[in-house]
$ cat coords14.pdb   # PDB, C-alpha atoms and all ligand atoms
ATOM      1  CA  MET U   1       5.506  -1.122  -4.551
ATOM      2  CA  PRO U   2       1.869  -0.348  -3.815
ATOM      3  CA  GLU U   3       1.718   1.935  -0.784
ATOM      4  CA  LEU U   4      -1.125   2.867   1.554
ATOM      5  CA  PRO U   5      -2.881   5.272  -0.852
ATOM      6  CA  GLU U   6      -2.843   2.733  -3.685
ATOM      7  CA  VAL U   7      -4.150  -0.032  -1.420
ATOM      8  CA  GLU U   8      -6.878   2.275  -0.062
ATOM      9  CA  THR U   9      -7.870   3.149  -3.627
ATOM     10  CA  ILE U  10      -8.247  -0.450  -4.771
ATOM     11  CA  LYS U  11     -10.135  -1.230  -1.572
ATOM     12  CA  ARG U  12     -12.619   1.573  -2.307
ATOM     13  CA  ASP U  13     -12.985   0.458  -5.921
ATOM     14  CA  LEU U  14     -13.580  -3.185  -5.014
ATOM     15  CA  GLU U  15     -16.116  -2.214  -2.370
ATOM     16  CA  THR U  16     -18.647  -1.300  -5.037
ATOM     17  CA  ARG U  17     -17.836  -4.334  -7.180
ATOM     18  CA  ILE U  18     -17.211  -7.554  -5.272
ATOM     19  CA  LEU U  19     -19.504  -7.374  -2.242
ATOM     20  CA  LYS U  20     -22.637  -9.532  -1.926
ATOM     21  CA  LYS U  21     -21.778 -11.658  -4.948
ATOM     22  CA  LYS U  22     -21.723 -15.417  -4.676
ATOM     23  CA  ILE U  23     -18.326 -17.018  -5.267
ATOM     24  CA  SER U  24     -18.679 -19.811  -7.800
ATOM     25  CA  LYS U  25     -15.109 -20.845  -8.629
ATOM     26  CA  VAL U  26     -11.627 -20.385  -7.229
ATOM     27  CA  TRP U  27      -8.388 -21.150  -9.062
ATOM     28  CA  VAL U  28      -4.824 -21.058  -7.735
ATOM     29  CA  ASP U  29      -1.673 -21.283  -9.855
ATOM     30  CA  GLU U  30       0.427 -24.339  -9.043
ATOM     31  CA  GLY U  31       3.487 -22.185  -8.449
ATOM     32  CA  PHE U  32       1.651 -20.107  -5.867
ATOM     33  CA  VAL U  33       0.230 -22.748  -3.524
ATOM     34  CA  LYS U  34       2.819 -21.994  -0.860
ATOM     35  CA  LYS U  35       1.523 -18.426  -0.612
ATOM     36  CA  ILE U  36      -2.020 -19.609   0.128
ATOM     37  CA  SER U  37      -3.078 -20.515   3.607
ATOM     38  CA  PRO U  38      -4.424 -22.656   5.057
ATOM     39  CA  ASP U  39      -3.829 -25.245   2.300
ATOM     40  CA  VAL U  40      -5.395 -24.787  -1.120
ATOM     41  CA  ALA U  41      -8.157 -27.387  -0.592
ATOM     42  CA  THR U  42      -9.360 -25.632   2.579
ATOM     43  CA  PHE U  43      -8.994 -22.268   0.852
ATOM     44  CA  PHE U  44     -11.365 -23.411  -1.920
ATOM     45  CA  GLN U  45     -13.789 -24.889   0.558
ATOM     46  CA  LEU U  46     -13.918 -21.720   2.687
ATOM     47  CA  LEU U  47     -14.680 -19.536  -0.334
ATOM     48  CA  LYS U  48     -16.930 -21.525  -2.634
ATOM     49  CA  GLY U  49     -20.617 -20.636  -2.382
ATOM     50  CA  LYS U  50     -19.894 -17.798   0.064
ATOM     51  CA  VAL U  51     -20.132 -14.046  -0.395
ATOM     52  CA  PHE U  52     -17.862 -11.198   0.656
ATOM     53  CA  ASN U  53     -19.635  -9.009   3.202
ATOM     54  CA  LYS U  54     -17.193  -6.245   3.900
ATOM     55  CA  ILE U  55     -13.783  -5.084   2.710
ATOM     56  CA  SER U  56     -11.364  -3.241   4.993
ATOM     57  CA  ARG U  57      -7.758  -2.141   5.042
ATOM     58  CA  ARG U  58      -5.138  -1.873   7.711
ATOM     59  CA  ALA U  59      -1.895  -0.241   6.546
ATOM     60  CA  LYS U  60      -1.169  -2.138   3.323
ATOM     61  CA  LEU U  61      -3.191  -5.233   4.197
ATOM     62  CA  ILE U  62      -6.628  -5.768   2.674
ATOM     63  CA  TYR U  63      -8.992  -7.975   4.658
ATOM     64  CA  ILE U  64     -12.381  -9.127   3.487
ATOM     65  CA  GLU U  65     -15.068 -10.535   5.730
ATOM     66  CA  ILE U  66     -16.559 -13.701   4.237
ATOM     67  CA  SER U  67     -20.160 -14.792   4.967
ATOM     68  CA  ASN U  68     -18.853 -17.698   7.088
ATOM     69  CA  LYS U  69     -17.304 -15.214   9.580
ATOM     70  CA  MET U  70     -13.830 -15.932   8.263
ATOM     71  CA  PHE U  71     -11.540 -13.295   6.746
ATOM     72  CA  LEU U  72      -9.616 -13.308   3.504
ATOM     73  CA  LEU U  73      -6.357 -11.391   3.903
ATOM     74  CA  ILE U  74      -4.671 -10.108   0.762
ATOM     75  CA  HIS U  75      -1.218  -8.572   0.786
ATOM     76  CA  LEU U  76       0.152  -7.176  -2.475
ATOM     77  CA  LYS U  77       3.738  -6.779  -1.169
ATOM     78  CA  MET U  78       6.199  -5.577  -3.858
ATOM     79  CA  THR U  79       4.550  -6.552  -7.136
ATOM     80  CA  GLY U  80       0.999  -7.668  -6.387
ATOM     81  CA  GLN U  81      -1.974  -6.417  -8.339
ATOM     82  CA  LEU U  82      -5.725  -6.879  -8.102
ATOM     83  CA  VAL U  83      -7.854  -6.721 -11.210
ATOM     84  CA  PHE U  84     -11.612  -6.902 -11.230
ATOM     85  CA  GLN U  85     -13.137  -7.908 -14.537
ATOM     86  CA  ALA U  86     -16.822  -7.156 -14.879
ATOM     87  CA  LYS U  87     -19.070  -9.538 -16.778
ATOM     88  CA  LYS U  88     -18.795  -7.298 -19.814
ATOM     89  CA  GLY U  89     -15.010  -7.194 -19.580
ATOM     90  CA  GLU U  90     -14.510  -3.730 -18.100
ATOM     91  CA  LEU U  91     -11.443  -3.707 -15.839
ATOM     92  CA  THR U  92     -10.682  -2.088 -12.514
ATOM     93  CA  VAL U  93      -7.012  -2.360 -11.652
ATOM     94  CA  GLY U  94      -5.110  -1.580  -8.494
ATOM     95  CA  GLY U  95      -1.738  -2.171  -6.942
ATOM     96  CA  HIS U  96       1.472  -2.683  -8.864
ATOM     97  CA  PRO U  97       1.188  -1.412 -12.439
ATOM     98  CA  ILE U  98       1.731  -4.541 -14.530
ATOM     99  CA  VAL U  99       1.517  -3.794 -18.222
ATOM    100  CA  ASN U 100      -0.574  -5.743 -20.721
ATOM    101  CA  VAL U 101      -3.136  -6.101 -18.012
ATOM    102  CA  THR U 102      -5.995  -6.473 -20.481
ATOM    103  CA  ASP U 103      -4.631  -9.908 -21.281
ATOM    104  CA  LEU U 104      -6.322 -12.003 -18.580
ATOM    105  CA  PRO U 105      -5.433 -14.372 -17.151
ATOM    106  CA  ASN U 106      -1.759 -13.781 -17.932
ATOM    107  CA  LYS U 107       1.506 -15.406 -16.856
ATOM    108  CA  PHE U 108       1.492 -13.426 -13.608
ATOM    109  CA  THR U 109      -2.031 -14.490 -12.611
ATOM    110  CA  ARG U 110      -1.780 -16.461  -9.356
ATOM    111  CA  VAL U 111      -5.369 -16.598  -8.115
ATOM    112  CA  ILE U 112      -8.764 -16.171  -9.776
ATOM    113  CA  ILE U 113     -11.983 -15.806  -7.818
ATOM    114  CA  GLU U 114     -15.035 -16.086 -10.038
ATOM    115  CA  PHE U 115     -18.476 -14.860  -9.019
ATOM    116  CA  SER U 116     -21.794 -16.357 -10.100
ATOM    117  CA  ASP U 117     -22.502 -13.359 -12.372
ATOM    118  CA  LYS U 118     -19.325 -14.305 -14.311
ATOM    119  CA  SER U 119     -17.305 -11.327 -13.076
ATOM    120  CA  LYS U 120     -13.837 -12.211 -11.809
ATOM    121  CA  LEU U 121     -11.204 -11.012  -9.387
ATOM    122  CA  PHE U 122      -7.616 -11.693 -10.479
ATOM    123  CA  PHE U 123      -4.629 -11.594  -8.180
ATOM    124  CA  ASN U 124      -1.519 -11.060 -10.320
ATOM    125  CA  ASP U 125       1.971 -10.983  -8.868
ATOM    126  CA  ILE U 126       5.223 -10.835 -10.817
ATOM    127  CA  ARG U 127       7.634 -11.817  -8.054
ATOM    128  CA  LYS U 128       5.234 -13.814  -5.895
ATOM    129  CA  PHE U 129       5.968 -11.972  -2.633
ATOM    130  CA  GLY U 130       2.262 -11.366  -1.994
ATOM    131  CA  TYR U 131      -0.101 -13.762  -0.257
ATOM    132  CA  LEU U 132      -3.732 -14.727   0.294
ATOM    133  CA  LYS U 133      -4.694 -16.158   3.618
ATOM    134  CA  ILE U 134      -7.977 -17.098   5.284
ATOM    135  CA  VAL U 135      -8.123 -16.662   9.059
ATOM    136  CA  ASP U 136     -10.758 -16.531  11.778
ATOM    137  CA  GLN U 137     -11.419 -13.501  13.995
ATOM    138  CA  GLU U 138      -8.588 -14.421  16.323
ATOM    139  CA  GLY U 139      -6.163 -14.797  13.433
ATOM    140  CA  LEU U 140      -7.229 -11.425  12.095
ATOM    141  CA  ASP U 141      -6.759  -9.703  15.454
ATOM    142  CA  GLU U 142      -3.315 -11.235  15.729
ATOM    143  CA  GLN U 143      -2.409  -9.991  12.270
ATOM    144  CA  LEU U 144      -3.710  -6.473  12.909
ATOM    145  CA  LEU U 145      -1.700  -6.197  16.114
ATOM    146  CA  LYS U 146       1.476  -6.597  14.072
ATOM    147  CA  THR U 147       1.110  -3.207  12.420
ATOM    148  CA  GLY U 148       1.665   0.057  14.211
ATOM    149  CA  VAL U 149      -0.614   3.054  14.450
ATOM    150  CA  GLU U 150      -1.466   4.440  11.046
ATOM    151  CA  PRO U 151      -1.743   8.150  10.281
ATOM    152  CA  PHE U 152      -5.539   8.007   9.963
ATOM    153  CA  ASP U 153      -6.081   6.412  13.377
ATOM    154  CA  ARG U 154      -7.359   8.367  16.338
ATOM    155  CA  GLU U 155      -4.169   7.317  18.151
ATOM    156  CA  TYR U 156      -2.066   9.226  15.644
ATOM    157  CA  LYS U 157      -1.184  12.304  17.678
ATOM    158  CA  PHE U 158       1.934  14.450  17.918
ATOM    159  CA  GLU U 159       2.651  12.981  21.371
ATOM    160  CA  TYR U 160       2.624   9.499  19.850
ATOM    161  CA  LEU U 161       5.126  10.519  17.196
ATOM    162  CA  LEU U 162       7.373  12.082  19.864
ATOM    163  CA  GLU U 163       7.173   8.904  21.908
ATOM    164  CA  ILE U 164       8.147   6.569  19.071
ATOM    165  CA  MET U 165      10.858   9.009  17.967
ATOM    166  CA  LYS U 166      12.309   8.842  21.457
ATOM    167  CA  ARG U 167      12.260   5.057  21.349
ATOM    168  CA  ARG U 168      14.100   4.884  18.022
ATOM    169  CA  SER U 169      16.157   8.071  18.255
ATOM    170  CA  ASN U 170      19.219   6.505  16.638
ATOM    171  CA  LEU U 171      17.527   5.664  13.359
ATOM    172  CA  LYS U 172      17.900   7.836  10.303
ATOM    173  CA  ILE U 173      14.643   9.677   9.735
ATOM    174  CA  LYS U 174      13.978   7.899   6.422
ATOM    175  CA  THR U 175      14.416   4.481   8.033
ATOM    176  CA  PHE U 176      12.264   5.571  10.956
ATOM    177  CA  LEU U 177       9.411   6.606   8.657
ATOM    178  CA  LEU U 178       9.472   3.207   6.945
ATOM    179  CA  GLU U 179       9.370   1.243  10.217
ATOM    180  CA  GLN U 180       5.886  -0.293   9.887
ATOM    181  CA  LYS U 181       5.741  -1.513  13.466
ATOM    182  CA  LEU U 182       5.914   2.077  14.704
ATOM    183  CA  LEU U 183       3.934   3.844  12.043
ATOM    184  CA  ALA U 184       2.081   1.831   9.439
ATOM    185  CA  GLY U 185       1.534   2.650   5.835
ATOM    186  CA  LEU U 186       4.269   5.065   4.803
ATOM    187  CA  GLY U 187       6.341   3.613   1.974
ATOM    188  CA  ASN U 188       9.379   4.747   0.036
ATOM    189  CA  ILE U 189       7.758   7.340  -2.243
ATOM    190  CA  TYR U 190       5.781   9.103   0.454
ATOM    191  CA  ALA U 191       8.599   8.972   3.026
ATOM    192  CA  ASP U 192      10.814  10.905   0.587
ATOM    193  CA  GLU U 193       8.043  13.422   0.000
ATOM    194  CA  VAL U 194       7.506  13.911   3.748
ATOM    195  CA  CYS U 195      11.235  14.605   4.290
ATOM    196  CA  PHE U 196      11.283  17.062   1.396
ATOM    197  CA  LEU U 197       8.205  18.985   2.509
ATOM    198  CA  SER U 198       9.538  19.091   6.083
ATOM    199  CA  GLU U 199      12.903  20.381   4.739
ATOM    200  CA  VAL U 200      14.775  17.623   6.525
ATOM    201  CA  LYS U 201      17.526  15.459   4.996
ATOM    202  CA  PRO U 202      16.437  11.800   5.086
ATOM    203  CA  THR U 203      19.875  10.819   6.417
ATOM    204  CA  ARG U 204      19.494  12.823   9.653
ATOM    205  CA  ARG U 205      19.244  10.829  12.868
ATOM    206  CA  VAL U 206      15.908  11.184  14.619
ATOM    207  CA  LYS U 207      17.635  12.504  17.761
ATOM    208  CA  THR U 208      19.015  15.518  15.882
ATOM    209  CA  LEU U 209      15.570  16.798  14.864
ATOM    210  CA  LYS U 210      14.305  20.041  16.342
ATOM    211  CA  LYS U 211      10.789  20.232  17.717
ATOM    212  CA  SER U 212       9.710  22.467  14.846
ATOM    213  CA  GLU U 213      10.965  19.863  12.367
ATOM    214  CA  LYS U 214       9.134  17.099  14.165
ATOM    215  CA  GLU U 215       5.955  19.163  13.972
ATOM    216  CA  LEU U 216       6.352  19.511  10.233
ATOM    217  CA  ILE U 217       7.000  15.782   9.828
ATOM    218  CA  PHE U 218       3.883  15.031  11.880
ATOM    219  CA  LYS U 219       1.780  17.320   9.726
ATOM    220  CA  TYR U 220       3.106  16.165   6.360
ATOM    221  CA  ILE U 221       2.825  12.432   7.066
ATOM    222  CA  LYS U 222      -0.932  12.797   7.143
ATOM    223  CA  LYS U 223      -1.177  15.483   4.481
ATOM    224  CA  VAL U 224       0.857  13.615   1.883
ATOM    225  CA  LEU U 225      -1.083  10.368   2.344
ATOM    226  CA  ALA U 226      -4.483  12.100   2.370
ATOM    227  CA  LYS U 227      -3.697  13.964  -0.825
ATOM    228  CA  ALA U 228      -2.382  10.804  -2.484
ATOM    229  CA  ILE U 229      -5.573   8.922  -1.599
ATOM    230  CA  LYS U 230      -7.615  11.779  -2.996
ATOM    231  CA  HIS U 231      -5.742  11.440  -6.269
ATOM    232  CA  ARG U 232      -5.868   7.632  -6.291
ATOM    233  CA  GLY U 233      -2.216   7.112  -5.401
ATOM    234  CA  THR U 234       0.879   7.245  -7.527
ATOM    235  CA  SER U 235       1.553   3.843  -9.003
ATOM    236  CA  PHE U 236      -2.087   3.218  -9.571
ATOM    237  CA  ASN U 237      -3.870   2.150 -12.724
ATOM    238  CA  THR U 238      -7.575   2.442 -12.905
ATOM    239  CA  TYR U 239      -9.627   1.343 -15.896
ATOM    240  CA  VAL U 240      -6.729   0.860 -18.250
ATOM    241  CA  ASP U 241      -6.149   0.993 -21.904
ATOM    242  CA  SER U 242      -3.067  -0.732 -23.286
ATOM    243  CA  ASP U 243      -0.752   2.117 -22.118
ATOM    244  CA  GLY U 244      -1.955   1.767 -18.543
ATOM    245  CA  LYS U 245      -3.068   5.032 -17.016
ATOM    246  CA  THR U 246      -1.257   5.969 -13.799
ATOM    247  CA  GLY U 247      -2.573   7.414 -10.563
ATOM    248  CA  GLY U 248      -3.022  11.160 -10.378
ATOM    249  CA  TYR U 249      -0.629  11.846  -7.500
ATOM    250  CA  GLN U 250       2.354  11.525  -9.846
ATOM    251  CA  GLN U 251       2.000  15.185 -10.817
ATOM    252  CA  PHE U 252       2.299  16.297  -7.190
ATOM    253  CA  LEU U 253       5.546  14.465  -6.426
ATOM    254  CA  LYS U 254       8.122  17.048  -5.401
ATOM    255  CA  VAL U 255      11.242  14.948  -5.004
ATOM    256  CA  TYR U 256      10.674  11.248  -5.643
ATOM    257  CA  GLY U 257      11.964  10.170  -9.037
ATOM    258  CA  ARG U 258      13.455  13.621  -9.748
ATOM    259  CA  GLN U 259      17.153  12.811  -9.262
ATOM    260  CA  GLY U 260      19.407  14.950 -11.447
ATOM    261  CA  GLU U 261      16.718  17.607 -11.847
ATOM    262  CA  SER U 262      16.805  20.967 -10.153
ATOM    263  CA  CYS U 263      14.906  21.388  -6.906
ATOM    264  CA  LEU U 264      11.350  22.689  -7.281
ATOM    265  CA  ARG U 265      11.569  24.641  -4.020
ATOM    266  CA  CYS U 266      14.959  26.364  -3.836
ATOM    267  CA  LYS U 267      15.838  26.121  -7.572
ATOM    268  CA  LYS U 268      19.510  25.918  -6.501
ATOM    269  CA  GLY U 269      19.993  22.316  -5.503
ATOM    270  CA  VAL U 270      20.056  19.308  -7.811
ATOM    271  CA  ILE U 271      18.057  16.348  -6.477
ATOM    272  CA  GLU U 272      20.380  13.596  -5.289
ATOM    273  CA  LYS U 273      19.633   9.916  -4.965
ATOM    274  CA  GLN U 274      21.242   7.848  -2.249
ATOM    275  CA  LYS U 275      20.636   4.468  -0.647
ATOM    276  CA  ILE U 276      19.599   4.680   2.983
ATOM    277  CA  ASN U 277      19.408   1.304   4.665
ATOM    278  CA  GLY U 278      18.963  -0.315   1.267
ATOM    279  CA  ARG U 279      16.160   1.980   0.101
ATOM    280  CA  SER U 280      16.775   4.543  -2.621
ATOM    281  CA  SER U 281      16.068   8.018  -1.345
ATOM    282  CA  SER U 282      15.801  11.308  -3.213
ATOM    283  CA  PHE U 283      16.423  14.674  -1.602
ATOM    284  CA  CYS U 284      17.678  18.203  -2.227
ATOM    285  CA  PRO U 285      21.154  18.634  -0.687
ATOM    286  CA  HIS U 286      20.667  22.400  -0.692
ATOM    287  CA  CYS U 287      17.399  23.124   1.099
ATOM    288  CA  GLN U 288      16.817  19.931   3.085
ATOM    289  CA  LYS U 289      18.820  20.453   6.270
TER     290      LYS U 289
HETATM  291 ZN    ZN W   1      16.075  22.546  -2.704
END

$ encode --input "coords14.pdb" --output "structure tokens" --more "lines below"
Ligand SMILES: [Zn+2]
Amino acid sequence: MPELPEVETIKRDLETRILKKKISKVWVDEGFVKKISPDVATFFQLLKGKVFNKISRRAKLIYIEISNKMFLLIHLKMTGQLVFQAKKGELTVGGHPIVNVTDLPNKFTRVIIEFSDKSKLFFNDIRKFGYLKIVDQEGLDEQLLKTGVEPFDREYKFEYLLEIMKRRSNLKIKTFLLEQKLLAGLGNIYADEVCFLSEVKPTRRVKTLKKSEKELIFKYIKKVLAKAIKHRGTSFNTYVDSDGKTGGYQQFLKVYGRQGESCLRCKKGVIEKQKINGRSSSFCPHCQK
């Protein structure tokens, strides 16, 4: 699942590629019309002949200001991917790593936005959980209110974390970290990494955390995400060859995906994998307390 760093990376990449270009054609796959709003006809009408002025991100939602003062919202959800194809065919890929991406459009292509210089933006989605939606300013504000404070906001302070921890003190820390309405943008991979670096078992209830542990969690939430953005995320493919190159953060993962291997910190524990509230979680039973 593309997480905040991967979405931020594709947003930054698209910024230099899709802005100020006139939209000439829009295509939507028949099996995807329900994930387009308003209806497909209006969607076409609101995009054709317009340009994208600005691209922004809030948590894992991308929103693009269109020249008619409307906003195109794109959510990649579990398996969504955005691919920009330059006129000469060079690809910029972000989101879920779908293989054989060079084959475009492919059976997972749901939407194609073509620009007048013949470059194209493809929205591919294997499981069709993602969506594209056009809203006005009011609709955008409404949407943005649904997500909580994100770690790069000015409002993200230790006091804020303490306050939301108090409100949801019964949750297991892993579940708490994934609660997007409280804190937006931390997904499964990075939540595991935060728990590991803070030396806290993901199964602990929030109310059992000591102040020193909360301080570490506060610090690492921001650190882990900032470092992942710097390295273009984990599940990220940039200009890909047929093997699909992955994002550079992979090499910094300390616990995620390491089940059965010995712990990189204490060297004594073997990384365990357990489901917490339906989400697979990796941790060291020895040094995470
Ligand atoms: Zn350990």

$ residues_around --input "coords14.pdb" --residues "U:Lys230" --least-positions-apart "3" --cutoff "9 Å" --atoms "all atoms listed in the file" --output "PyMOL selection string"
chain U and resi 5+9+225-227+233+248-249

$ resolve_selection --input "coords14.pdb" --expression "the PyMOL selection byres (((not hetatm)) within 12 of (chain W and resi 1))" --output "PyMOL selection string"
chain U and resi 195-201+254-255+258-259+261-272+282-289

$ resolve_selection --input "coords14.pdb" --expression "the PyMOL selection byres (((chain U and resi 23-37) around 9) and not hetatm)" --output "number ranges by chain"
U: 21-22, 38-40, 42-44, 47-52, 109-118, 128-135

$ residues_around --input "coords14.pdb" --residues "U:Leu183" --least-positions-apart "4" --cutoff "12 Å" --atoms "only C-alpha atoms" --output "number ranges by chain"
U: 4, 58-60, 146-153, 155-157, 160-165, 168, 175-179, 187, 191, 218, 221-222

$ resolve_selection --input "coords14.pdb" --expression "the PyMOL selection byres (((chain U and resi 72-82) around 8) and not hetatm)" --output "ChimeraX atom specification"
/U:1-2,10,60-66,70-71,83-84,93-98,121-135

$ atom_distance --input "coords14.pdb" --atom1 "atom CA of U:Ser281" --atom2 "atom CA of U:Glu159"
26.8 Å

$ build_atoms --input "coords14.pdb" --residues "stretch 92-108 of chain U" --atoms "N, CA, C and O atoms" --output "mmCIF file, in the coordinates of the input"
data_model
loop_
_atom_site.group_PDB
_atom_site.id
_atom_site.type_symbol
_atom_site.label_atom_id
_atom_site.label_comp_id
_atom_site.auth_asym_id
_atom_site.auth_seq_id
_atom_site.Cartn_x
_atom_site.Cartn_y
_atom_site.Cartn_z
ATOM 1 N N THR U 92 -11.054 -3.011 -13.580
ATOM 2 C CA THR U 92 -10.682 -2.088 -12.514
ATOM 3 C C THR U 92 -9.389 -2.631 -11.948
ATOM 4 O O THR U 92 -9.346 -3.779 -11.501
ATOM 5 N N VAL U 93 -8.333 -1.850 -12.005
ATOM 6 C CA VAL U 93 -7.012 -2.360 -11.652
ATOM 7 C C VAL U 93 -6.399 -1.569 -10.512
ATOM 8 O O VAL U 93 -6.478 -0.347 -10.495
ATOM 9 N N GLY U 94 -5.785 -2.274 -9.576
ATOM 10 C CA GLY U 94 -5.110 -1.580 -8.494
ATOM 11 C C GLY U 94 -3.880 -2.312 -8.033
ATOM 12 O O GLY U 94 -3.761 -3.518 -8.211
ATOM 13 N N GLY U 95 -2.961 -1.554 -7.441
ATOM 14 C CA GLY U 95 -1.738 -2.171 -6.942
ATOM 15 C C GLY U 95 -0.582 -1.891 -7.874
ATOM 16 O O GLY U 95 -0.504 -0.832 -8.485
ATOM 17 N N HIS U 96 0.292 -2.860 -8.022
ATOM 18 C CA HIS U 96 1.472 -2.683 -8.864
ATOM 19 C C HIS U 96 1.048 -2.545 -10.332
ATOM 20 O O HIS U 96 0.238 -3.326 -10.816
ATOM 21 N N PRO U 97 1.587 -1.563 -11.040
ATOM 22 C CA PRO U 97 1.188 -1.412 -12.439
ATOM 23 C C PRO U 97 1.869 -2.433 -13.355
ATOM 24 O O PRO U 97 2.977 -2.229 -13.811
ATOM 25 N N ILE U 98 1.206 -3.536 -13.609
ATOM 26 C CA ILE U 98 1.731 -4.541 -14.530
ATOM 27 C C ILE U 98 1.161 -4.209 -15.909
ATOM 28 O O ILE U 98 -0.038 -4.013 -16.038
ATOM 29 N N VAL U 99 2.022 -4.146 -16.895
ATOM 30 C CA VAL U 99 1.517 -3.794 -18.222
ATOM 31 C C VAL U 99 0.822 -4.991 -18.883
ATOM 32 O O VAL U 99 0.879 -6.108 -18.388
ATOM 33 N N ASN U 100 0.197 -4.720 -19.992
ATOM 34 C CA ASN U 100 -0.574 -5.743 -20.721
ATOM 35 C C ASN U 100 -1.625 -6.390 -19.836
ATOM 36 O O ASN U 100 -1.880 -7.577 -19.911
ATOM 37 N N VAL U 101 -2.202 -5.569 -18.984
ATOM 38 C CA VAL U 101 -3.136 -6.101 -18.012
ATOM 39 C C VAL U 101 -4.425 -6.604 -18.660
ATOM 40 O O VAL U 101 -5.115 -7.461 -18.122
ATOM 41 N N THR U 102 -4.738 -6.080 -19.829
ATOM 42 C CA THR U 102 -5.995 -6.473 -20.481
ATOM 43 C C THR U 102 -5.987 -7.945 -20.899
ATOM 44 O O THR U 102 -7.016 -8.530 -21.168
ATOM 45 N N ASP U 103 -4.792 -8.519 -20.944
ATOM 46 C CA ASP U 103 -4.631 -9.908 -21.281
ATOM 47 C C ASP U 103 -4.853 -10.735 -20.008
ATOM 48 O O ASP U 103 -3.948 -10.834 -19.183
ATOM 49 N N LEU U 104 -6.033 -11.307 -19.837
ATOM 50 C CA LEU U 104 -6.322 -12.003 -18.580
ATOM 51 C C LEU U 104 -6.961 -13.371 -18.798
ATOM 52 O O LEU U 104 -7.858 -13.475 -19.635
ATOM 53 N N PRO U 105 -6.580 -14.393 -18.066
ATOM 54 C CA PRO U 105 -5.433 -14.372 -17.151
ATOM 55 C C PRO U 105 -4.128 -14.273 -17.938
ATOM 56 O O PRO U 105 -4.090 -14.589 -19.109
ATOM 57 N N ASN U 106 -3.054 -13.843 -17.266
ATOM 58 C CA ASN U 106 -1.759 -13.781 -17.932
ATOM 59 C C ASN U 106 -0.740 -14.583 -17.113
ATOM 60 O O ASN U 106 -1.099 -15.216 -16.118
ATOM 61 N N LYS U 107 0.526 -14.533 -17.518
ATOM 62 C CA LYS U 107 1.506 -15.406 -16.856
ATOM 63 C C LYS U 107 1.774 -15.016 -15.391
ATOM 64 O O LYS U 107 2.397 -15.763 -14.655
ATOM 65 N N PHE U 108 1.304 -13.832 -14.996
ATOM 66 C CA PHE U 108 1.492 -13.426 -13.608
ATOM 67 C C PHE U 108 0.244 -13.663 -12.752
ATOM 68 O O PHE U 108 0.205 -13.326 -11.579
#
